[in-house]
file data.pdb (PDB, C-alpha atoms)
ATOM      1  CA  MET A   6      90.499  75.208 108.594
ATOM      2  CA  ARG A   7      91.135  75.737 104.911
ATOM      3  CA  LEU A   8      92.307  79.125 103.709
ATOM      4  CA  PHE A   9      91.606  80.075 100.108
ATOM      5  CA  ARG A  10      93.049  82.731  97.867
ATOM      6  CA  ARG A  11      91.877  83.659  94.437
ATOM      7  CA  SER A  12      92.232  80.747  92.024
ATOM      8  CA  ARG A  13      93.025  81.363  88.377
ATOM      9  CA  LYS A  14      92.359  79.135  85.398
ATOM     10  CA  SER A  15      95.396  78.102  83.409
ATOM     11  CA  GLU A  16      94.220  80.069  80.391
ATOM     12  CA  ASP A  17      94.207  83.231  82.518
ATOM     13  CA  VAL A  18      97.914  82.909  83.388
ATOM     14  CA  PRO A  19     100.053  85.399  81.427
ATOM     15  CA  ASP A  20     103.337  84.671  79.734
ATOM     16  CA  PRO A  21     105.913  84.138  82.535
ATOM     17  CA  ARG A  22     108.068  86.840  80.977
ATOM     18  CA  THR A  23     105.266  89.333  81.624
ATOM     19  CA  ALA A  24     104.934  90.999  85.017
ATOM     20  CA  TRP A  25     101.839  89.864  86.902
ATOM     21  CA  PRO A  26      99.306  92.715  86.808
ATOM     22  CA  GLU A  27      98.747  94.467  90.096
ATOM     23  CA  GLN A  28      95.225  94.156  91.469
ATOM     24  CA  PRO A  29      93.539  97.454  92.327
ATOM     25  CA  VAL A  30      93.019  98.306  95.991
ATOM     26  CA  PRO A  31      89.769 100.183  96.742
ATOM     27  CA  GLU A  32      90.321 103.602  98.285
ATOM     28  CA  ASP A  33      87.078 103.483 100.266
ATOM     29  CA  ALA A  34      87.133 100.429 102.535
ATOM     30  CA  ALA A  35      83.561 100.969 103.747
ATOM     31  CA  ALA A  36      82.169 101.165 100.216
ATOM     32  CA  ALA A  37      84.143  98.072  99.198
ATOM     33  CA  ALA A  38      82.801  96.208 102.240
ATOM     34  CA  ALA A  39      79.233  97.138 101.317
ATOM     35  CA  LYS A  40      79.793  95.794  97.800
ATOM     36  CA  PHE A  41      81.199  92.591  99.249
ATOM     37  CA  TRP A  42      78.073  91.919 101.281
ATOM     38  CA  GLU A  43      75.822  92.665  98.302
ATOM     39  CA  ALA A  44      77.784  90.105  96.272
ATOM     40  CA  TRP A  45      77.765  87.632  99.176
ATOM     41  CA  PHE A  46      73.974  87.617  99.428
ATOM     42  CA  GLU A  47      73.658  87.173  95.671
ATOM     43  CA  LEU A  48      76.016  84.188  95.852
ATOM     44  CA  LEU A  49      74.652  82.759  99.113
ATOM     45  CA  PRO A  50      72.172  80.256  97.544
ATOM     46  CA  GLU A  51      75.038  78.702  95.567
ATOM     47  CA  VAL A  52      77.294  78.690  98.642
ATOM     48  CA  SER A  53      74.622  76.967 100.710
ATOM     49  CA  ALA A  54      74.037  74.344  98.021
ATOM     50  CA  ALA A  55      77.768  73.656  97.647
ATOM     51  CA  LEU A  56      78.262  73.271 101.388
ATOM     52  CA  GLY A  57      75.177  71.087 101.650
ATOM     53  CA  ASP A  58      76.691  68.822  98.990
ATOM     54  CA  ARG A  59      80.096  68.969 100.723
ATOM     55  CA  GLU A  60      81.619  70.466  97.595
ATOM     56  CA  PRO A  61      82.858  73.924  98.670
ATOM     57  CA  HIS A  62      85.277  73.985  95.717
ATOM     58  CA  ARG A  63      82.279  74.755  93.468
ATOM     59  CA  VAL A  64      82.095  78.307  94.826
ATOM     60  CA  GLU A  65      85.771  78.840  95.612
ATOM     61  CA  HIS A  66      86.518  80.903  92.508
ATOM     62  CA  ASP A  67      83.466  83.163  92.905
ATOM     63  CA  LEU A  68      84.246  83.750  96.566
ATOM     64  CA  CYS A  69      87.886  84.462  95.792
ATOM     65  CA  THR A  70      86.727  87.060  93.276
ATOM     66  CA  ILE A  71      84.536  89.007  95.706
ATOM     67  CA  VAL A  72      87.184  88.823  98.450
ATOM     68  CA  GLU A  73      89.839  90.095  96.059
ATOM     69  CA  ALA A  74      87.568  93.006  95.136
ATOM     70  CA  LEU A  75      87.633  94.047  98.796
ATOM     71  CA  HIS A  76      91.434  93.745  98.943
ATOM     72  CA  PRO A  77      93.692  91.481  96.857
ATOM     73  CA  ARG A  78      95.805  90.373  99.846
ATOM     74  CA  LEU A  79      92.971  89.110 102.021
ATOM     75  CA  HIS A  80      92.422  85.415 102.755
ATOM     76  CA  PHE A  81      89.171  83.709 103.600
ATOM     77  CA  SER A  82      87.846  80.377 104.764
ATOM     78  CA  LEU A  83      84.561  78.539 105.053
ATOM     79  CA  ASP A  84      84.336  76.183 107.988
ATOM     80  CA  ARG A  85      82.100  74.766 110.684
ATOM     81  CA  GLY A  86      81.043  77.466 113.115
ATOM     82  CA  HIS A  87      81.301  77.557 116.885
ATOM     83  CA  ARG A  88      77.932  79.237 117.516
ATOM     84  CA  ALA A  89      76.332  78.667 114.106
ATOM     85  CA  ILE A  90      76.442  75.848 111.575
ATOM     86  CA  TYR A  91      78.966  77.601 109.322
ATOM     87  CA  SER A  92      81.541  80.358 109.697
ATOM     88  CA  LEU A  93      82.947  82.782 107.160
ATOM     89  CA  VAL A  94      86.395  84.047 108.118
ATOM     90  CA  LEU A  95      88.098  86.957 106.384
ATOM     91  CA  THR A  96      91.638  87.641 107.533
ATOM     92  CA  GLY A  97      94.476  89.986 106.728
ATOM     93  CA  GLN A  98      96.752  87.756 108.842
ATOM     94  CA  GLU A  99      97.279  90.675 111.210
ATOM     95  CA  ASP A 100      98.813  92.932 108.563
ATOM     96  CA  PRO A 101      98.088  96.470 109.861
ATOM     97  CA  GLU A 102      97.648  97.767 106.300
ATOM     98  CA  LEU A 103      94.705  95.407 105.851
ATOM     99  CA  ARG A 104      93.013  96.118 109.188
ATOM    100  CA  PRO A 105      90.860  99.004 107.808
ATOM    101  CA  TYR A 106      89.380  96.577 105.261
ATOM    102  CA  THR A 107      88.673  93.768 107.722
ATOM    103  CA  ASP A 108      87.299  96.299 110.227
ATOM    104  CA  ALA A 109      84.963  97.745 107.583
ATOM    105  CA  TRP A 110      83.942  94.248 106.487
ATOM    106  CA  LYS A 111      83.107  93.227 110.044
ATOM    107  CA  ALA A 112      81.243  96.472 110.753
ATOM    108  CA  ALA A 113      79.052  95.955 107.680
ATOM    109  CA  ALA A 114      78.439  92.259 108.361
ATOM    110  CA  PRO A 115      74.842  91.119 108.920
ATOM    111  CA  PRO A 116      73.813  89.864 112.368
ATOM    112  CA  GLU A 117      74.883  86.314 113.058
ATOM    113  CA  ASP A 118      72.143  83.698 113.008
ATOM    114  CA  ALA A 119      71.778  79.941 113.433
ATOM    115  CA  ILE A 120      73.370  79.326 110.018
ATOM    116  CA  TRP A 121      76.256  81.806 109.723
ATOM    117  CA  GLU A 122      78.789  83.490 111.968
ATOM    118  CA  TYR A 123      81.462  85.923 110.764
ATOM    119  CA  HIS A 124      85.053  86.470 111.917
ATOM    120  CA  ASP A 125      87.622  89.084 110.884
ATOM    121  CA  SER A 126      90.523  86.908 112.069
ATOM    122  CA  VAL A 127      90.978  83.169 112.462
ATOM    123  CA  PRO A 128      89.314  82.264 115.793
ATOM    124  CA  PRO A 129      90.632  79.710 118.271
ATOM    125  CA  VAL A 130      89.235  76.211 118.096
ATOM    126  CA  PRO A 131      87.144  75.189 121.125
ATOM    127  CA  ASP A 132      89.609  72.455 122.168
ATOM    128  CA  PRO A 133      92.937  72.203 120.301
ATOM    129  CA  SER A 134      93.683  68.885 122.030
ATOM    130  CA  GLU A 135      90.953  67.307 119.882
ATOM    131  CA  VAL A 136      92.525  68.480 116.604
ATOM    132  CA  THR A 137      94.706  66.338 114.349
ATOM    133  CA  VAL A 138      96.311  67.855 111.249
ATOM    134  CA  ASN A 139      98.058  66.295 108.266
ATOM    135  CA  LEU A 140     101.446  67.842 107.523
ATOM    136  CA  GLY A 141     102.739  66.074 104.459
ATOM    137  CA  GLU A 142     102.482  62.370 105.228
ATOM    138  CA  THR A 143     102.594  62.883 109.011
ATOM    139  CA  ARG A 144      99.487  63.103 111.202
ATOM    140  CA  ILE A 145     100.087  65.540 114.045
ATOM    141  CA  ALA A 146      97.828  65.382 117.101
ATOM    142  CA  LEU A 147      97.838  68.795 118.755
ATOM    143  CA  ALA A 148      97.148  67.041 122.072
ATOM    144  CA  ASP A 149     100.828  65.990 121.980
ATOM    145  CA  VAL A 150     102.165  69.527 121.444
ATOM    146  CA  ARG A 151     104.053  70.967 124.407
ATOM    147  CA  VAL A 152     105.221  74.537 124.836
ATOM    148  CA  THR A 153     107.351  76.526 127.203
ATOM    149  CA  ALA A 154     106.193  80.045 127.944
ATOM    150  CA  LYS A 155     108.158  82.943 129.425
ATOM    151  CA  VAL A 156     106.588  86.334 129.983
ATOM    152  CA  ASP A 157     108.663  89.359 128.993
ATOM    153  CA  GLU A 158     107.745  91.699 131.830
ATOM    154  CA  SER A 159     108.794  94.802 129.872
ATOM    155  CA  THR A 160     106.330  94.173 127.045
ATOM    156  CA  GLY A 161     103.787  91.784 128.564
ATOM    157  CA  ARG A 162     104.378  89.433 125.648
ATOM    158  CA  VAL A 163     105.086  85.738 125.910
ATOM    159  CA  ASP A 164     108.105  84.025 124.362
ATOM    160  CA  VAL A 165     107.343  80.391 123.569
ATOM    161  CA  THR A 166     108.972  77.235 122.304
ATOM    162  CA  VAL A 167     106.910  74.585 120.505
ATOM    163  CA  PHE A 168     107.680  70.847 120.638
ATOM    164  CA  HIS A 169     106.017  67.727 119.237
ATOM    165  CA  PRO A 170     107.383  64.161 119.478
ATOM    166  CA  LEU A 171     107.064  63.716 115.702
ATOM    167  CA  ILE A 172     108.847  66.938 114.777
ATOM    168  CA  GLY A 173     111.799  64.958 113.413
ATOM    169  CA  GLU A 174     109.538  63.332 110.810
ATOM    170  CA  LEU A 175     108.502  66.639 109.254
ATOM    171  CA  ARG A 176     110.136  68.070 106.156
ATOM    172  CA  PRO A 177     111.839  71.446 106.705
ATOM    173  CA  GLU A 178     109.210  73.291 104.675
ATOM    174  CA  THR A 179     106.391  72.041 106.935
ATOM    175  CA  ARG A 180     108.100  72.853 110.212
ATOM    176  CA  THR A 181     107.145  76.532 110.012
ATOM    177  CA  THR A 182     103.517  75.478 109.785
ATOM    178  CA  MET A 183     103.982  73.291 112.853
ATOM    179  CA  THR A 184     105.457  76.250 114.725
ATOM    180  CA  PHE A 185     102.503  78.593 114.333
ATOM    181  CA  LEU A 186      99.469  76.408 113.588
ATOM    182  CA  PRO A 187      99.071  75.066 117.172
ATOM    183  CA  LEU A 188      99.400  78.591 118.596
ATOM    184  CA  ASP A 189      96.820  80.110 116.245
ATOM    185  CA  ALA A 190      94.463  77.199 116.923
ATOM    186  CA  THR A 191      94.864  77.695 120.675
ATOM    187  CA  LEU A 192      94.794  81.481 121.011
ATOM    188  CA  GLY A 193      93.229  82.624 117.764
ATOM    189  CA  GLU A 194      95.103  84.554 115.123
ATOM    190  CA  ARG A 195      94.618  88.005 116.662
ATOM    191  CA  VAL A 196      95.490  87.115 120.255
ATOM    192  CA  ALA A 197      98.530  85.164 119.074
ATOM    193  CA  ALA A 198      99.754  88.188 117.129
ATOM    194  CA  GLU A 199      99.147  90.549 120.057
ATOM    195  CA  ARG A 200     100.414  88.375 122.903
ATOM    196  CA  LEU A 201     103.265  86.269 121.558
ATOM    197  CA  GLY A 202     106.809  87.512 121.216
ATOM    198  CA  ARG A 203     109.600  85.202 120.107
ATOM    199  CA  VAL A 204     108.362  81.817 118.838
ATOM    200  CA  GLU A 205     110.785  78.923 118.345
ATOM    201  CA  LEU A 206     110.310  75.316 117.261
ATOM    202  CA  VAL A 207     112.472  72.910 119.276
ATOM    203  CA  THR A 208     113.346  69.285 118.620
ATOM    204  CA  GLU A 209     113.730  68.111 122.211
ATOM    205  CA  ALA A 210     111.358  68.223 125.177
ATOM    206  CA  ARG A 211     112.171  70.823 127.844
ATOM    207  CA  ASP A 212     111.439  71.188 131.538
ATOM    208  CA  GLY A 213     108.350  73.137 132.523
ATOM    209  CA  GLN A 214     106.415  72.492 129.326
ATOM    210  CA  LEU A 215     102.686  73.227 129.130
ATOM    211  CA  THR A 216      99.837  71.758 127.129
ATOM    212  CA  LEU A 217      98.107  74.058 124.658
ATOM    213  CA  LEU A 218      95.102  74.446 126.960
ATOM    214  CA  GLU A 219      97.436  75.410 129.814
ATOM    215  CA  LEU A 220      99.039  77.996 127.518
ATOM    216  CA  ARG A 221      95.588  79.405 126.705
ATOM    217  CA  GLU A 222      94.774  79.683 130.394
ATOM    218  CA  MET A 223      98.092  81.362 131.169
ATOM    219  CA  VAL A 224      97.775  83.929 128.370
ATOM    220  CA  GLY A 225      94.186  84.618 129.402
ATOM    221  CA  ARG A 226      95.367  85.673 132.863
ATOM    222  CA  LEU A 227      97.739  88.308 131.489
ATOM    223  CA  GLY A 228      96.832  91.952 131.200
ATOM    224  CA  SER A 229      97.029  93.971 128.005
ATOM    225  CA  PRO A 230     100.461  94.006 126.338
ATOM    226  CA  ALA A 231     102.525  97.149 126.639
ATOM    227  CA  PRO A 232     102.157  99.552 123.695
ATOM    228  CA  GLU A 233     104.902  99.573 121.094
ATOM    229  CA  ASN A 234     107.646 102.131 121.564
ATOM    230  CA  VAL A 235     106.670 105.189 119.536
ATOM    231  CA  GLY A 236     109.488 107.416 120.733
ATOM    232  CA  THR A 237     109.483 110.456 122.980
ATOM    233  CA  PRO A 238     109.686 114.152 122.116
ATOM    234  CA  ASP A 239     113.039 115.872 122.431
TER
END
call {"tool": "encode", "arguments": {"input": "data.pdb", "output": "structure tokens"}}
result
Amino acid sequence: MRLFRRSRKSEDVPDPRTAWPEQPVPEDAAAAAAKFWEAWFELLPEVSAALGDREPHRVEHDLCTIVEALHPRLHFSLDRGHRAIYSLVLTGQEDPELRPYTDAWKAAAPPEDAIWEYHDSVPPVPDPSEVTVNLGETRIALADVRVTAKVDESTGRVDVTVFHPLIGELRPETRTTMTFLPLDATLGERVAAERLGRVELVTEARDGQLTLLELREMVGRLGSPAPENVGTPD
């Protein structure tokens, strides 16, 4: 899945000695969400044409602009849907400050139909074992990912290690992606944020490792995680 942020033309870039201007954040999330959907429907014929031609980059800038108007730190993606032909995903990457904006966006979204479905966080893929990703020059089959999983009984969260046989071929800057990408693809962005505790990438196989689908099944059997400690009155 490709995540976009607002793209800027080179002539729009200010002098590097000048501070980058802060983008305004709407005070009324519901009103900003309503404006987003108005702009989306105006742009939808162009989006449909670009996707039909397999040239989504044609509408990237316009979509970045209307997403940024909702909140400048939001990300979005266009992808194949699970229930519909296409999906539109708007995510704050589980930043609690952005949740009011994604909640308002989702609440104002039109009903899903055969063409479009809408998600306010990155959803899990139907079968991560069928996914292969390119990290630099290395093709990583998620079917070969193995994890260990240990439940922290005090919090209900799961500490995991992530291993892949080709991990040694990855550059250091791509290893962080390899740590979290398989987990988000397996559990979905929101469940991964809620259920996972400590996450570590390891370079050697370990005893008791699970496939990604086995991890999904295990996490699905757990109850709700314990609430965060908010303190107690004196």
call {"tool": "residues_around", "arguments": {"input": "data.pdb", "residues": "segment 157-166 of chain A", "least_positions_apart": "2", "cutoff": "6 Å", "atoms": "all atoms listed in the file", "output": "number ranges by chain"}}
result
A: 152-155, 200-206, 230-231
call {"tool": "residues_around", "arguments": {"input": "data.pdb", "residues": "Tyr123 of chain A", "least_positions_apart": "5", "cutoff": "6 Å", "atoms": "all atoms listed in the file", "output": "list of chain:residue names"}}
result
A:Ser92, A:Leu93, A:Val94
call {"tool": "resolve_selection", "arguments": {"input": "data.pdb", "expression": "the PyMOL selection byres ((chain A and resi 37) around 10)", "output": "list in words"}}
result
Val30, Pro31, Glu32, Asp33, Ala34, Ala35, Ala36, Ala38, Ala39, Lys40, Phe41, Trp42, Glu43, Ile71, Val72, Ala74, Leu75, His76, Tyr106, Ala109 and Trp110 of chain A
call {"tool": "resolve_selection", "arguments": {"input": "data.pdb", "expression": "the PyMOL selection byres ((chain A and resi 136) around 9)", "output": "ChimeraX atom specification"}}
result
/A:130,132-135,137-138,145-148,190
call {"tool": "atom_distance", "arguments": {"input": "data.pdb", "atom1": "atom CA of Val127 of chain A", "atom2": "atom CA of Glu209 of chain A"}}
result
29.0 Å
call {"tool": "closest_residue", "arguments": {"input": "data.pdb", "among": "A:Arg151, A:His80, A:Arg63, A:Arg176", "to": "Leu217 of chain A", "atoms": "all atoms listed in the file"}}
result
A:Arg151
call {"tool": "closest_residue", "arguments": {"input": "data.pdb", "among": "A:Val64, A:Arg180, A:Glu194, A:Phe185", "to": "Pro128 of chain A", "atoms": "all atoms listed in the file"}}
result
A:Glu194
call {"tool": "atom_distance", "arguments": {"input": "data.pdb", "atom1": "atom CA of Thr191 of chain A", "atom2": "atom CA of Trp45 of chain A"}}
result
29.2 Å
call {"tool": "closest_residue", "arguments": {"input": "data.pdb", "among": "A:Ala113, A:Leu79, A:Leu218, A:Leu140", "to": "Asp100 of chain A", "atoms": "all atoms listed in the file"}}
result
A:Leu79
call {"tool": "closest_residue", "arguments": {"input": "data.pdb", "among": "A:Ala210, A:Val156, A:His62, A:Thr70", "to": "Arg226 of chain A", "atoms": "all atoms listed in the file"}}
result
A:Val156
call {"tool": "resolve_selection", "arguments": {"input": "data.pdb", "expression": "the PyMOL selection byres ((chain A and resi 87) around 10)", "output": "mmCIF file with C-alpha atoms, in the frame of the given file"}}
result
data_model
loop_
_atom_site.group_PDB
_atom_site.id
_atom_site.type_symbol
_atom_site.label_atom_id
_atom_site.label_comp_id
_atom_site.auth_asym_id
_atom_site.auth_seq_id
_atom_site.Cartn_x
_atom_site.Cartn_y
_atom_site.Cartn_z
ATOM 1 C CA ASP A 84 84.336 76.183 107.988
ATOM 2 C CA ARG A 85 82.100 74.766 110.684
ATOM 3 C CA GLY A 86 81.043 77.466 113.115
ATOM 4 C CA ARG A 88 77.932 79.237 117.516
ATOM 5 C CA ALA A 89 76.332 78.667 114.106
ATOM 6 C CA ILE A 90 76.442 75.848 111.575
ATOM 7 C CA TYR A 91 78.966 77.601 109.322
ATOM 8 C CA SER A 92 81.541 80.358 109.697
ATOM 9 C CA TRP A 121 76.256 81.806 109.723
ATOM 10 C CA GLU A 122 78.789 83.490 111.968
ATOM 11 C CA PRO A 128 89.314 82.264 115.793
ATOM 12 C CA PRO A 129 90.632 79.710 118.271
ATOM 13 C CA VAL A 130 89.235 76.211 118.096
ATOM 14 C CA PRO A 131 87.144 75.189 121.125
#
call {"tool": "closest_residue", "arguments": {"input": "data.pdb", "among": "A:Pro105, A:Gly225, A:Pro177, A:Pro170", "to": "Gly141 of chain A", "atoms": "all atoms listed in the file"}}
result
A:Pro177
call {"tool": "closest_residue", "arguments": {"input": "data.pdb", "among": "A:Val224, A:Leu48, A:Leu171, A:Ile120", "to": "His66 of chain A", "atoms": "only C-alpha atoms"}}
result
A:Leu48
call {"tool": "build_atoms", "arguments": {"input": "data.pdb", "residues": "segment 68-95 of chain A", "atoms": "N, CA and C atoms", "output": "PDB file, in the frame of the given file"}}
result
ATOM      1  N   LEU A  68      83.958  83.116  95.288  1.00  0.00           N
ATOM      2  CA  LEU A  68      84.246  83.750  96.566  1.00  0.00           C
ATOM      3  C   LEU A  68      85.603  84.447  96.547  1.00  0.00           C
ATOM      4  N   CYS A  69      86.576  83.813  95.924  1.00  0.00           N
ATOM      5  CA  CYS A  69      87.886  84.462  95.792  1.00  0.00           C
ATOM      6  C   CYS A  69      87.763  85.795  95.065  1.00  0.00           C
ATOM      7  N   THR A  70      86.895  85.844  94.066  1.00  0.00           N
ATOM      8  CA  THR A  70      86.727  87.060  93.276  1.00  0.00           C
ATOM      9  C   THR A  70      86.157  88.194  94.110  1.00  0.00           C
ATOM     10  N   ILE A  71      85.132  87.914  94.934  1.00  0.00           N
ATOM     11  CA  ILE A  71      84.536  89.007  95.706  1.00  0.00           C
ATOM     12  C   ILE A  71      85.433  89.406  96.873  1.00  0.00           C
ATOM     13  N   VAL A  72      86.231  88.465  97.393  1.00  0.00           N
ATOM     14  CA  VAL A  72      87.184  88.823  98.450  1.00  0.00           C
ATOM     15  C   VAL A  72      88.290  89.693  97.866  1.00  0.00           C
ATOM     16  N   GLU A  73      88.779  89.318  96.695  1.00  0.00           N
ATOM     17  CA  GLU A  73      89.839  90.095  96.059  1.00  0.00           C
ATOM     18  C   GLU A  73      89.376  91.511  95.730  1.00  0.00           C
ATOM     19  N   ALA A  74      88.094  91.672  95.421  1.00  0.00           N
ATOM     20  CA  ALA A  74      87.568  93.006  95.136  1.00  0.00           C
ATOM     21  C   ALA A  74      87.592  93.890  96.374  1.00  0.00           C
ATOM     22  N   LEU A  75      87.516  93.274  97.554  1.00  0.00           N
ATOM     23  CA  LEU A  75      87.633  94.047  98.796  1.00  0.00           C
ATOM     24  C   LEU A  75      89.081  94.440  99.033  1.00  0.00           C
ATOM     25  N   HIS A  76      89.991  93.471  98.915  1.00  0.00           N
ATOM     26  CA  HIS A  76      91.434  93.745  98.943  1.00  0.00           C
ATOM     27  C   HIS A  76      92.149  92.505  98.424  1.00  0.00           C
ATOM     28  N   PRO A  77      93.079  92.649  97.495  1.00  0.00           N
ATOM     29  CA  PRO A  77      93.692  91.481  96.857  1.00  0.00           C
ATOM     30  C   PRO A  77      94.577  90.649  97.777  1.00  0.00           C
ATOM     31  N   ARG A  78      94.930  91.153  98.970  1.00  0.00           N
ATOM     32  CA  ARG A  78      95.805  90.373  99.846  1.00  0.00           C
ATOM     33  C   ARG A  78      95.045  89.689 100.980  1.00  0.00           C
ATOM     34  N   LEU A  79      93.744  89.764 100.975  1.00  0.00           N
ATOM     35  CA  LEU A  79      92.971  89.110 102.021  1.00  0.00           C
ATOM     36  C   LEU A  79      92.825  87.619 101.752  1.00  0.00           C
ATOM     37  N   HIS A  80      92.708  86.840 102.814  1.00  0.00           N
ATOM     38  CA  HIS A  80      92.422  85.415 102.755  1.00  0.00           C
ATOM     39  C   HIS A  80      91.044  85.173 103.346  1.00  0.00           C
ATOM     40  N   PHE A  81      90.448  84.047 102.983  1.00  0.00           N
ATOM     41  CA  PHE A  81      89.171  83.709 103.600  1.00  0.00           C
ATOM     42  C   PHE A  81      89.076  82.206 103.773  1.00  0.00           C
ATOM     43  N   SER A  82      88.134  81.797 104.608  1.00  0.00           N
ATOM     44  CA  SER A  82      87.846  80.377 104.764  1.00  0.00           C
ATOM     45  C   SER A  82      86.374  80.179 105.049  1.00  0.00           C
ATOM     46  N   LEU A  83      85.881  79.027 104.663  1.00  0.00           N
ATOM     47  CA  LEU A  83      84.561  78.539 105.053  1.00  0.00           C
ATOM     48  C   LEU A  83      84.792  77.331 105.941  1.00  0.00           C
ATOM     49  N   ASP A  84      84.101  77.288 107.075  1.00  0.00           N
ATOM     50  CA  ASP A  84      84.336  76.183 107.988  1.00  0.00           C
ATOM     51  C   ASP A  84      83.104  75.973 108.849  1.00  0.00           C
ATOM     52  N   ARG A  85      83.136  74.952 109.685  1.00  0.00           N
ATOM     53  CA  ARG A  85      82.100  74.766 110.684  1.00  0.00           C
ATOM     54  C   ARG A  85      82.191  75.890 111.705  1.00  0.00           C
ATOM     55  N   GLY A  86      81.046  76.386 112.138  1.00  0.00           N
ATOM     56  CA  GLY A  86      81.043  77.466 113.115  1.00  0.00           C
ATOM     57  C   GLY A  86      81.099  76.952 114.538  1.00  0.00           C
ATOM     58  N   HIS A  87      81.333  77.875 115.462  1.00  0.00           N
ATOM     59  CA  HIS A  87      81.301  77.557 116.885  1.00  0.00           C
ATOM     60  C   HIS A  87      79.906  77.805 117.451  1.00  0.00           C
ATOM     61  N   ARG A  88      79.269  78.896 117.017  1.00  0.00           N
ATOM     62  CA  ARG A  88      77.932  79.237 117.516  1.00  0.00           C
ATOM     63  C   ARG A  88      76.854  78.953 116.470  1.00  0.00           C
ATOM     64  N   ALA A  89      77.250  78.933 115.213  1.00  0.00           N
ATOM     65  CA  ALA A  89      76.332  78.667 114.106  1.00  0.00           C
ATOM     66  C   ALA A  89      76.804  77.419 113.363  1.00  0.00           C
ATOM     67  N   ILE A  90      76.047  77.041 112.340  1.00  0.00           N
ATOM     68  CA  ILE A  90      76.442  75.848 111.575  1.00  0.00           C
ATOM     69  C   ILE A  90      77.724  76.110 110.796  1.00  0.00           C
ATOM     70  N   TYR A  91      77.806  77.275 110.141  1.00  0.00           N
ATOM     71  CA  TYR A  91      78.966  77.601 109.322  1.00  0.00           C
ATOM     72  C   TYR A  91      79.592  78.916 109.787  1.00  0.00           C
ATOM     73  N   SER A  92      80.869  79.085 109.451  1.00  0.00           N
ATOM     74  CA  SER A  92      81.541  80.358 109.697  1.00  0.00           C
ATOM     75  C   SER A  92      82.212  80.832 108.409  1.00  0.00           C
ATOM     76  N   LEU A  93      82.197  82.124 108.230  1.00  0.00           N
ATOM     77  CA  LEU A  93      82.947  82.782 107.160  1.00  0.00           C
ATOM     78  C   LEU A  93      84.012  83.623 107.839  1.00  0.00           C
ATOM     79  N   VAL A  94      85.268  83.338 107.516  1.00  0.00           N
ATOM     80  CA  VAL A  94      86.395  84.047 108.118  1.00  0.00           C
ATOM     81  C   VAL A  94      87.111  84.825 107.028  1.00  0.00           C
ATOM     82  N   LEU A  95      87.315  86.108 107.284  1.00  0.00           N
ATOM     83  CA  LEU A  95      88.098  86.957 106.384  1.00  0.00           C
ATOM     84  C   LEU A  95      89.261  87.479 107.200  1.00  0.00           C
TER      85      LEU A  95
END
